[in-house]
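Text of protein_29.csv, listed as CSV, C-alpha atoms:
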```csv
chain,number,residue,atom,x,y,z
M,9,MET,CA,5.6,32.6,-41.6
M,10,SER,CA,4.0,30.9,-38.6
M,11,SER,CA,6.1,30.9,-35.4
M,12,LYS,CA,4.4,27.7,-34.2
M,13,ILE,CA,6.6,24.7,-33.8
M,14,GLN,CA,5.0,21.4,-35.1
M,15,VAL,CA,5.0,18.7,-32.4
M,16,VAL,CA,5.8,15.2,-33.7
M,17,GLU,CA,5.1,12.1,-31.6
M,18,THR,CA,8.1,9.7,-31.5
M,19,ARG,CA,7.7,6.2,-32.8
M,20,GLU,CA,8.5,4.8,-29.4
M,21,ARG,CA,5.8,6.9,-27.8
M,22,GLN,CA,3.3,5.8,-30.5
M,23,LEU,CA,4.1,2.1,-29.8
M,24,GLU,CA,3.6,2.6,-26.0
M,25,ARG,CA,0.3,4.3,-26.6
M,26,TRP,CA,-0.7,1.4,-28.8
M,27,VAL,CA,0.1,-1.1,-26.0
M,28,LEU,CA,-2.0,0.9,-23.6
M,29,MET,CA,-4.9,0.9,-26.1
M,30,LYS,CA,-4.6,-2.9,-26.4
M,31,ILE,CA,-4.7,-3.3,-22.7
M,32,GLU,CA,-7.7,-1.0,-22.4
M,33,HIS,CA,-9.6,-2.9,-25.1
M,34,ALA,CA,-8.9,-6.3,-23.4
M,35,ILE,CA,-10.0,-5.0,-20.0
M,36,GLU,CA,-13.1,-3.4,-21.5
M,37,LYS,CA,-14.2,-6.8,-22.9
M,38,LEU,CA,-13.9,-8.7,-19.5
M,39,GLU,CA,-17.0,-9.9,-17.7
M,40,GLU,CA,-15.2,-10.1,-14.3
M,41,HIS,CA,-15.3,-7.0,-12.2
M,42,LYS,CA,-12.7,-7.9,-9.6
M,43,LEU,CA,-9.2,-8.9,-10.8
M,44,ASN,CA,-6.3,-10.2,-8.7
M,45,ALA,CA,-2.6,-9.7,-9.4
M,46,THR,CA,-2.2,-13.0,-11.2
M,47,GLU,CA,-5.2,-12.3,-13.5
M,48,LEU,CA,-3.9,-8.8,-14.3
M,49,GLU,CA,-0.5,-10.1,-15.3
M,50,LYS,CA,-2.1,-11.6,-18.4
M,51,TRP,CA,-2.7,-8.1,-19.8
M,52,LYS,CA,0.7,-6.6,-18.8
M,53,ILE,CA,-0.6,-5.1,-15.6
M,54,SER,CA,1.3,-5.2,-12.3
M,55,PHE,CA,-1.0,-4.8,-9.3
M,56,SER,CA,1.0,-4.1,-6.2
M,57,SER,CA,0.8,-2.4,-2.8
M,58,MET,CA,1.5,1.2,-2.1
M,59,SER,CA,2.2,2.9,1.2
M,60,LEU,CA,1.5,6.6,2.0
M,61,ASP,CA,4.4,6.6,4.5
M,62,GLN,CA,6.8,9.0,3.1
M,63,ASN,CA,9.7,7.0,4.6
M,64,SER,CA,8.7,3.9,2.7
M,65,GLU,CA,10.1,2.7,-0.6
M,66,LEU,CA,6.5,1.9,-1.5
M,67,LYS,CA,5.3,5.5,-1.4
M,68,PRO,CA,3.7,7.1,-4.5
M,69,ARG,CA,6.2,7.8,-7.2
M,70,PHE,CA,4.6,10.7,-9.0
M,71,PHE,CA,2.4,12.4,-6.4
M,72,ALA,CA,3.4,13.9,-3.1
M,73,PRO,CA,1.1,14.9,-0.1
M,74,LYS,CA,0.3,18.5,0.8
M,75,PRO,CA,1.7,18.9,4.4
M,76,ASP,CA,0.2,20.7,7.4
M,77,LEU,CA,-3.4,20.8,6.3
M,78,PRO,CA,-6.0,22.0,8.9
M,79,PRO,CA,-8.6,19.4,9.8
M,80,PRO,CA,-12.1,19.4,8.5
M,81,ASN,CA,-14.3,21.8,10.4
M,82,ASP,CA,-16.8,20.5,13.0
M,83,GLU,CA,-19.8,21.2,10.7
M,84,ILE,CA,-18.4,18.9,8.0
M,85,LEU,CA,-17.5,16.2,10.5
M,86,ASP,CA,-20.8,16.3,12.3
M,87,LYS,CA,-22.8,16.0,9.1
M,88,ALA,CA,-20.5,13.3,7.7
M,89,ALA,CA,-20.9,11.3,10.9
M,90,GLU,CA,-24.7,11.4,11.0
M,91,PRO,CA,-26.3,8.0,10.6
M,92,ASN,CA,-27.6,7.2,7.1
M,93,ASP,CA,-29.2,4.3,5.3
M,94,SER,CA,-26.5,3.7,2.7
M,95,ASP,CA,-25.3,0.4,4.2
M,96,GLY,CA,-25.1,-2.2,1.5
M,97,ARG,CA,-25.7,0.4,-1.2
M,98,TYR,CA,-22.2,1.2,-2.2
M,99,TYR,CA,-23.0,4.0,-4.7
M,100,LEU,CA,-25.0,6.0,-2.0
M,101,GLY,CA,-22.2,5.6,0.5
M,102,ALA,CA,-19.7,6.8,-2.2
M,103,TYR,CA,-21.9,9.7,-3.2
M,104,ASP,CA,-22.2,10.9,0.4
M,105,MET,CA,-18.4,10.5,1.0
M,106,ASN,CA,-17.7,12.5,-2.2
M,107,ASN,CA,-20.0,15.3,-1.1
M,108,PHE,CA,-18.4,15.7,2.4
M,109,LEU,CA,-14.9,15.2,1.0
M,110,SER,CA,-15.5,17.9,-1.5
M,111,SER,CA,-16.8,20.3,1.2
M,112,TYR,CA,-13.5,19.9,3.0
M,113,ALA,CA,-11.0,19.6,0.1
M,114,PHE,CA,-12.5,22.0,-2.4
M,115,HIS,CA,-14.6,24.4,-0.3
M,116,GLN,CA,-13.0,24.7,3.1
M,117,LEU,CA,-9.5,24.5,1.7
M,118,GLY,CA,-9.7,24.9,-2.1
M,119,LEU,CA,-7.2,24.4,-4.9
M,120,ARG,CA,-5.9,28.0,-4.8
M,121,ASP,CA,-2.3,28.1,-3.6
M,122,ASN,CA,-2.3,24.3,-3.6
M,123,GLY,CA,-0.2,23.4,-6.6
M,124,PRO,CA,-0.8,23.7,-10.4
M,125,TRP,CA,-4.3,22.2,-10.2
M,126,HIS,CA,-7.8,23.1,-11.4
M,127,LEU,CA,-11.0,21.2,-11.0
M,128,ILE,CA,-12.8,19.9,-14.0
M,129,ASP,CA,-16.4,18.6,-14.3
M,130,PRO,CA,-15.9,15.0,-15.7
M,131,GLY,CA,-18.6,15.7,-18.3
M,132,GLN,CA,-16.4,18.5,-19.7
M,133,TYR,CA,-13.2,16.4,-19.8
M,134,ASN,CA,-12.3,15.1,-23.2
M,135,ALA,CA,-11.7,11.5,-22.2
M,136,TYR,CA,-10.3,8.8,-24.5
M,137,LYS,CA,-13.6,6.8,-23.9
M,138,SER,CA,-16.5,7.2,-21.5
M,139,LEU,CA,-15.6,7.2,-17.8
M,140,TYR,CA,-19.1,5.9,-16.9
M,141,PHE,CA,-20.9,2.6,-16.9
M,142,HIS,CA,-24.5,2.3,-15.7
M,143,GLY,CA,-25.4,-1.2,-14.8
M,144,SER,CA,-28.5,-2.8,-16.2
M,145,PRO,CA,-30.5,-5.9,-14.9
M,146,SER,CA,-30.6,-7.2,-18.5
M,147,LEU,CA,-26.7,-7.2,-18.5
M,148,GLY,CA,-26.4,-9.2,-15.4
M,149,PRO,CA,-24.5,-8.1,-12.2
M,150,SER,CA,-22.6,-5.2,-13.8
M,151,PRO,CA,-21.7,-2.5,-11.2
M,152,THR,CA,-22.2,1.1,-12.0
M,153,PHE,CA,-19.0,3.2,-12.0
M,154,GLY,CA,-17.8,6.6,-13.0
M,155,ALA,CA,-16.0,9.8,-11.9
M,156,PHE,CA,-17.1,12.4,-9.5
M,157,LYS,CA,-14.2,14.8,-9.9
M,158,ILE,CA,-11.2,15.3,-12.2
M,159,ILE,CA,-8.2,17.5,-11.3
M,160,ASP,CA,-6.0,18.6,-14.1
M,161,SER,CA,-3.0,20.8,-14.6
M,162,PRO,CA,-3.2,23.3,-17.4
M,163,GLY,CA,-0.1,24.1,-19.5
M,164,LYS,CA,2.7,21.9,-20.7
M,165,GLU,CA,4.6,21.2,-17.5
M,166,TYR,CA,2.6,18.4,-15.8
M,167,PRO,CA,0.8,15.5,-17.5
M,168,HIS,CA,-0.3,14.3,-14.0
M,169,LEU,CA,-4.0,13.8,-13.5
M,170,LYS,CA,-6.2,13.1,-10.4
M,171,ALA,CA,-9.7,11.8,-10.1
M,172,VAL,CA,-12.3,10.9,-7.5
M,173,ILE,CA,-14.2,7.9,-8.7
M,174,TYR,CA,-16.9,5.5,-7.5
M,175,THR,CA,-17.7,1.8,-8.0
M,176,ASP,CA,-21.1,0.4,-6.8
M,177,MET,CA,-19.5,-2.8,-5.5
M,178,GLU,CA,-17.8,-4.1,-2.3
M,179,ALA,CA,-14.0,-4.0,-2.5
M,180,ASP,CA,-11.3,-6.1,-0.9
M,181,ASP,CA,-7.5,-5.6,-0.5
M,182,LYS,CA,-6.5,-8.5,-2.7
M,183,THR,CA,-8.3,-7.4,-5.9
M,184,CYS,CA,-8.5,-4.4,-8.2
M,185,PHE,CA,-11.8,-3.3,-9.8
M,186,ARG,CA,-12.1,-3.5,-13.5
M,187,SER,CA,-13.5,0.0,-13.3
M,188,GLU,CA,-10.3,1.3,-11.6
M,189,VAL,CA,-8.2,-0.1,-14.4
M,190,LEU,CA,-10.4,1.2,-17.2
M,191,ILE,CA,-10.8,4.7,-15.8
M,192,SER,CA,-7.0,4.9,-15.2
M,193,LEU,CA,-6.2,3.8,-18.7
M,194,ARG,CA,-8.8,6.1,-20.3
M,195,LEU,CA,-7.5,9.1,-18.4
M,196,MET,CA,-3.9,8.2,-19.2
M,197,LEU,CA,-4.7,7.8,-22.9
M,198,ALA,CA,-6.6,11.1,-23.0
M,199,GLN,CA,-3.6,12.9,-21.5
M,200,LEU,CA,-1.1,11.2,-23.9
M,201,ARG,CA,-3.2,12.4,-26.9
M,202,LYS,CA,-2.9,16.1,-26.0
M,203,VAL,CA,-0.6,18.1,-28.2
M,204,ARG,CA,0.5,20.3,-25.3
M,205,LEU,CA,1.7,17.2,-23.5
M,206,MET,CA,3.3,15.4,-26.5
M,207,HIS,CA,6.8,15.8,-25.1
M,208,HIS,CA,5.9,13.8,-22.0
M,209,LYS,CA,6.4,10.0,-22.1
M,210,ILE,CA,4.5,9.2,-18.9
M,211,ALA,CA,1.0,10.4,-17.8
M,212,PRO,CA,0.6,9.3,-14.2
M,213,VAL,CA,-2.9,9.0,-12.8
M,214,LEU,CA,-4.0,9.2,-9.1
M,215,LEU,CA,-7.4,7.8,-8.2
M,216,VAL,CA,-9.3,8.3,-5.0
M,217,SER,CA,-11.6,5.3,-5.3
M,218,LEU,CA,-14.8,5.3,-3.3
M,219,MET,CA,-17.0,2.3,-2.6
M,220,GLY,CA,-19.6,2.5,0.1
M,221,LYS,CA,-17.9,3.5,3.3
M,222,HIS,CA,-14.5,2.3,2.1
M,223,VAL,CA,-11.9,4.2,0.0
M,224,ARG,CA,-8.4,3.6,-1.3
M,225,ILE,CA,-5.8,5.6,-3.3
M,226,LEU,CA,-4.3,4.1,-6.5
M,227,GLU,CA,-1.5,5.4,-8.6
M,228,SER,CA,-1.1,4.2,-12.2
M,229,TYR,CA,1.5,4.8,-14.8
M,230,PHE,CA,3.1,2.9,-17.8
M,231,ASP,CA,6.8,2.1,-17.2
M,232,GLY,CA,7.4,1.2,-20.9
M,233,LYS,CA,6.7,-2.5,-20.3
M,234,LEU,CA,3.9,-2.8,-17.7
M,235,LEU,CA,1.0,-0.8,-16.6
M,236,GLN,CA,1.7,-0.3,-12.9
M,237,MET,CA,-1.4,-0.2,-10.7
M,238,ARG,CA,-0.4,0.5,-7.1
M,239,SER,CA,-2.9,0.6,-4.3
M,240,THR,CA,-3.1,1.5,-0.7
M,241,ARG,CA,-5.0,-0.6,1.7
M,242,LEU,CA,-8.7,0.0,2.1
M,243,TYR,CA,-9.6,2.8,4.6
M,244,LYS,CA,-13.0,2.6,6.3
M,245,ILE,CA,-15.0,5.6,7.7
M,246,SER,CA,-17.2,4.7,10.6
M,247,ASP,CA,-17.2,7.6,13.1
M,248,TRP,CA,-16.2,11.2,13.7
M,249,ASP,CA,-12.5,10.3,14.3
M,250,SER,CA,-12.1,8.0,11.3
M,251,ILE,CA,-13.8,10.5,9.0
M,252,LYS,CA,-11.4,13.2,10.2
M,253,THR,CA,-8.3,11.0,9.7
M,254,VAL,CA,-9.3,9.5,6.3
M,255,TYR,CA,-10.5,12.8,4.8
M,256,MET,CA,-7.2,14.5,5.7
M,257,ILE,CA,-5.2,11.6,4.1
M,258,LEU,CA,-7.2,11.9,0.9
M,259,THR,CA,-7.0,15.6,0.8
M,260,GLU,CA,-3.3,15.6,1.3
M,261,TYR,CA,-3.0,13.8,-2.1
M,262,LEU,CA,-5.8,15.6,-3.9
M,263,LEU,CA,-4.1,19.0,-3.1
M,264,GLY,CA,-0.5,17.8,-3.1
M,265,PRO,CA,2.1,18.5,-5.8
M,266,PRO,CA,3.1,16.5,-8.9
M,267,ILE,CA,6.6,15.1,-8.7
M,268,ARG,CA,9.3,13.2,-10.7
M,269,ASP,CA,10.3,13.5,-14.3
M,270,THR,CA,7.8,12.3,-16.9
M,271,ILE,CA,9.7,13.2,-20.0
```

Can the structure in the file be given as structure tokens, please?
Amino acid sequence: MSSKIQVVETRERQLERWVLMKIEHAIEKLEEHKLNATELEKWKISFSSMSLDQNSELKPRFFAPKPDLPPPNDEILDKAAEPNDSDGRYYLGAYDMNNFLSSYAFHQLGLRDNGPWHLIDPGQYNAYKSLYFHGSPSLGPSPTFGAFKIIDSPGKEYPHLKAVIYTDMEADDKTCFRSEVLISLRLMLAQLRKVRLMHHKIAPVLLVSLMGKHVRILESYFDGKLLQMRSTRLYKISDWDSIKTVYMILTEYLLGPPIRDTI
């Protein structure tokens, strides 16, 4: 007789997944690429502010920072601060930022001894739907977007997921990218479909969202009624000091632990 225990998804969890699938389908069909809080309410999405101040009530609910990180080494900072010609070409700026951020977070520091994480090539991640869109002149002004990195936790304990993503478009603090909502939902739905995570009701997603020389961190989760999309302000990198500060902030959350009950 097999010793394996069959995992059965509850009816309540099925219905919540169905709601998320409906939201994803509605956002996928939109032609707008920047959505404000009022527009997002139509699809049961709450877009609100998030603070990285650990004394604030607005701090992330499912992700904590890794404390006491050493700064990026001078070689990384010097290269990242070199002048480049990516101004106005948001993907190129995001691509460069991802490379230098990766050099710091995943090579200088690394995921070893930094929580239950392992790095996944987005092409190897079994997503709910594609995480990529490549704009085409024939389709009008549709920005390219996708994922540079995915950070998962193996095993059954944590459904939390992190990703470094890009959108080839200028951002502002009052709107959320359609791409950020779609990638969050597709990662969340992929996690919720995994048998090893079937006992978890919530699958929180943390995005480091790159666009040109700007970046923000977003946390998303479904609270049973609304998809919560919570965003920091935009951070801009412009010189050696701002690169050091912003890269350390981002890496604190890329390497930091998952928190809070998700069952």

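The space separating CA of Val27 in chain M from CA of Ala198 in chain M comes to 14.2 Å.
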
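Considering all atoms listed in the file, the residue among M:Met177, M:Met29, M:Ile225, M:Ile271 positioned nearest to His207 in chain M is M:Ile271.
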
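Residues lying within 12 Å of (-6.1, 27.4, -0.2). Counted over only C-alpha atoms, they are Lys74, Asp76, Leu77, Pro78, Tyr112, Ala113, Phe114, His115, Gln116, Leu117, Gly118, Leu119, Arg120, Asp121, Asn122, Gly123, Trp125, Thr259, Leu263 and Gly264 of chain M.
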
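Minimum atom-to-atom distances from M:Tyr140, M:Tyr261, M:Phe108, M:Phe230 to Thr152 in chain M were compared using all atoms listed in the file, and the lowest value belongs to M:Tyr140.
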
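Shortest atom-to-atom contact with Tyr229 in chain M among M:Ser59, M:Asn106, M:Ser54, M:Ser138: M:Ser54, counting only C-alpha atoms.
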
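Within 9 Å of the file-frame point (-1.1, 22.8, -25.5), and using all atoms listed in the file, the polymer residues found are Pro162, Gly163, Lys164, Lys202, Val203, Arg204, Leu205 and Met206 of chain M.
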
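Of the residues under consideration (M:Leu109, M:Leu215, M:Ile210, M:Leu139), M:Leu109 shows the shortest atom-to-atom contact distance to Thr253 in chain M when counting all atoms listed in the file.
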
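Of note, CA of Glu39 in chain M and CA of His142 in chain M are spaced 14.5 Å apart.
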
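When only C-alpha atoms are used to compute distances to Ser250 in chain M, the closest of the residues M:Ala88, M:Leu262, M:Gly232, M:Asn63 turns out to be M:Ala88.
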
Extract, using only C-alpha atoms, all DNA, RNA and protein residues at most 8 Å from Phe70 in chain M, discarding same-chain residues fewer than 3 positions from it, and format them as a PyMOL selection string. chain M and resi 168+212+266-268

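When all atoms listed in the file are used to compute distances to Glu47 in chain M, the closest of the residues M:Lys182, M:Lys157, M:Lys221, M:His208 turns out to be M:Lys182.
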
For Gly154 in chain M, list every protein, DNA or RNA residue within 7 Å, evaluated using all atoms listed in the file, and leave out those in the same chain fewer than 2 positions away; present the list as a PyMOL selection string. chain M and resi 139-141+156+173-175

Rounded to one decimal in Å, what is the spacing between CA of Ile251 in chain M and CA of Asp86 in chain M? 9.7 Å

Would you fill the gaps in range 83-94 of chain M so it has all heavy atoms, then print it as a compact mmCIF listing (two decimals), in the frame of the given file?
```txt
# COMPACT_ATOMS: atom_id res chain seq x y z
N GLU M 83 -18.51 21.33 11.45
CA GLU M 83 -19.80 21.20 10.70
C GLU M 83 -19.71 20.08 9.69
O GLU M 83 -20.64 19.28 9.58
CB GLU M 83 -20.10 22.53 10.00
CG GLU M 83 -21.40 22.50 9.22
CD GLU M 83 -21.69 23.80 8.49
OE1 GLU M 83 -20.85 24.72 8.57
OE2 GLU M 83 -22.75 23.87 7.84
N ILE M 84 -18.60 20.00 8.95
CA ILE M 84 -18.40 18.90 8.00
C ILE M 84 -18.38 17.57 8.67
O ILE M 84 -19.04 16.61 8.26
CB ILE M 84 -17.17 19.15 7.13
CG1 ILE M 84 -17.33 20.38 6.24
CG2 ILE M 84 -16.85 17.92 6.27
CD1 ILE M 84 -16.06 20.79 5.51
N LEU M 85 -17.61 17.49 9.75
CA LEU M 85 -17.50 16.20 10.50
C LEU M 85 -18.77 15.76 11.07
O LEU M 85 -19.12 14.58 11.02
CB LEU M 85 -16.38 16.35 11.52
CG LEU M 85 -14.94 16.47 11.00
CD1 LEU M 85 -14.00 16.80 12.15
CD2 LEU M 85 -14.50 15.19 10.30
N ASP M 86 -19.50 16.69 11.66
CA ASP M 86 -20.80 16.30 12.30
C ASP M 86 -21.76 15.80 11.26
O ASP M 86 -22.44 14.79 11.49
CB ASP M 86 -21.37 17.54 13.01
CG ASP M 86 -20.60 17.91 14.27
OD1 ASP M 86 -19.84 17.05 14.77
OD2 ASP M 86 -20.76 19.05 14.75
N LYS M 87 -21.85 16.47 10.11
CA LYS M 87 -22.80 16.00 9.10
C LYS M 87 -22.35 14.68 8.49
O LYS M 87 -23.18 13.81 8.22
CB LYS M 87 -22.89 17.08 7.98
CG LYS M 87 -23.65 18.33 8.39
CD LYS M 87 -23.77 19.30 7.24
CE LYS M 87 -24.57 20.54 7.65
NZ LYS M 87 -24.69 21.50 6.53
N ALA M 88 -21.04 14.52 8.26
CA ALA M 88 -20.50 13.30 7.70
C ALA M 88 -20.72 12.10 8.62
O ALA M 88 -20.84 10.95 8.18
CB ALA M 88 -19.07 13.43 7.30
N ALA M 89 -20.75 12.37 9.92
CA ALA M 89 -20.90 11.30 10.90
C ALA M 89 -22.32 10.96 11.23
O ALA M 89 -22.57 9.99 11.98
CB ALA M 89 -20.13 11.69 12.18
N GLU M 90 -23.26 11.70 10.69
CA GLU M 90 -24.70 11.40 11.00
C GLU M 90 -25.04 10.03 10.40
O GLU M 90 -24.58 9.65 9.31
CB GLU M 90 -25.56 12.48 10.33
CG GLU M 90 -25.51 13.82 11.04
CD GLU M 90 -26.38 14.85 10.36
OE1 GLU M 90 -26.99 14.53 9.31
OE2 GLU M 90 -26.44 15.99 10.85
N PRO M 91 -25.87 9.28 11.12
CA PRO M 91 -26.30 8.00 10.60
C PRO M 91 -27.04 8.13 9.27
O PRO M 91 -27.74 9.11 9.04
CB PRO M 91 -27.26 7.46 11.69
CG PRO M 91 -26.90 8.23 12.91
CD PRO M 91 -26.44 9.58 12.43
N ASN M 92 -26.84 7.17 8.36
CA ASN M 92 -27.60 7.20 7.10
C ASN M 92 -27.94 5.75 6.72
O ASN M 92 -27.53 4.80 7.38
CB ASN M 92 -26.73 7.84 5.98
CG ASN M 92 -25.40 7.14 5.75
OD1 ASN M 92 -25.37 5.94 5.48
ND2 ASN M 92 -24.31 7.86 5.88
N ASP M 93 -28.71 5.63 5.68
CA ASP M 93 -29.20 4.30 5.30
C ASP M 93 -28.52 3.78 4.03
O ASP M 93 -29.11 3.06 3.24
CB ASP M 93 -30.72 4.36 5.04
CG ASP M 93 -31.11 5.36 3.97
OD1 ASP M 93 -30.21 6.06 3.46
OD2 ASP M 93 -32.31 5.44 3.64
N SER M 94 -27.23 4.11 3.88
CA SER M 94 -26.50 3.70 2.70
C SER M 94 -25.85 2.32 2.81
O SER M 94 -25.24 1.83 1.86
CB SER M 94 -25.45 4.73 2.30
OG SER M 94 -24.45 4.81 3.30
```
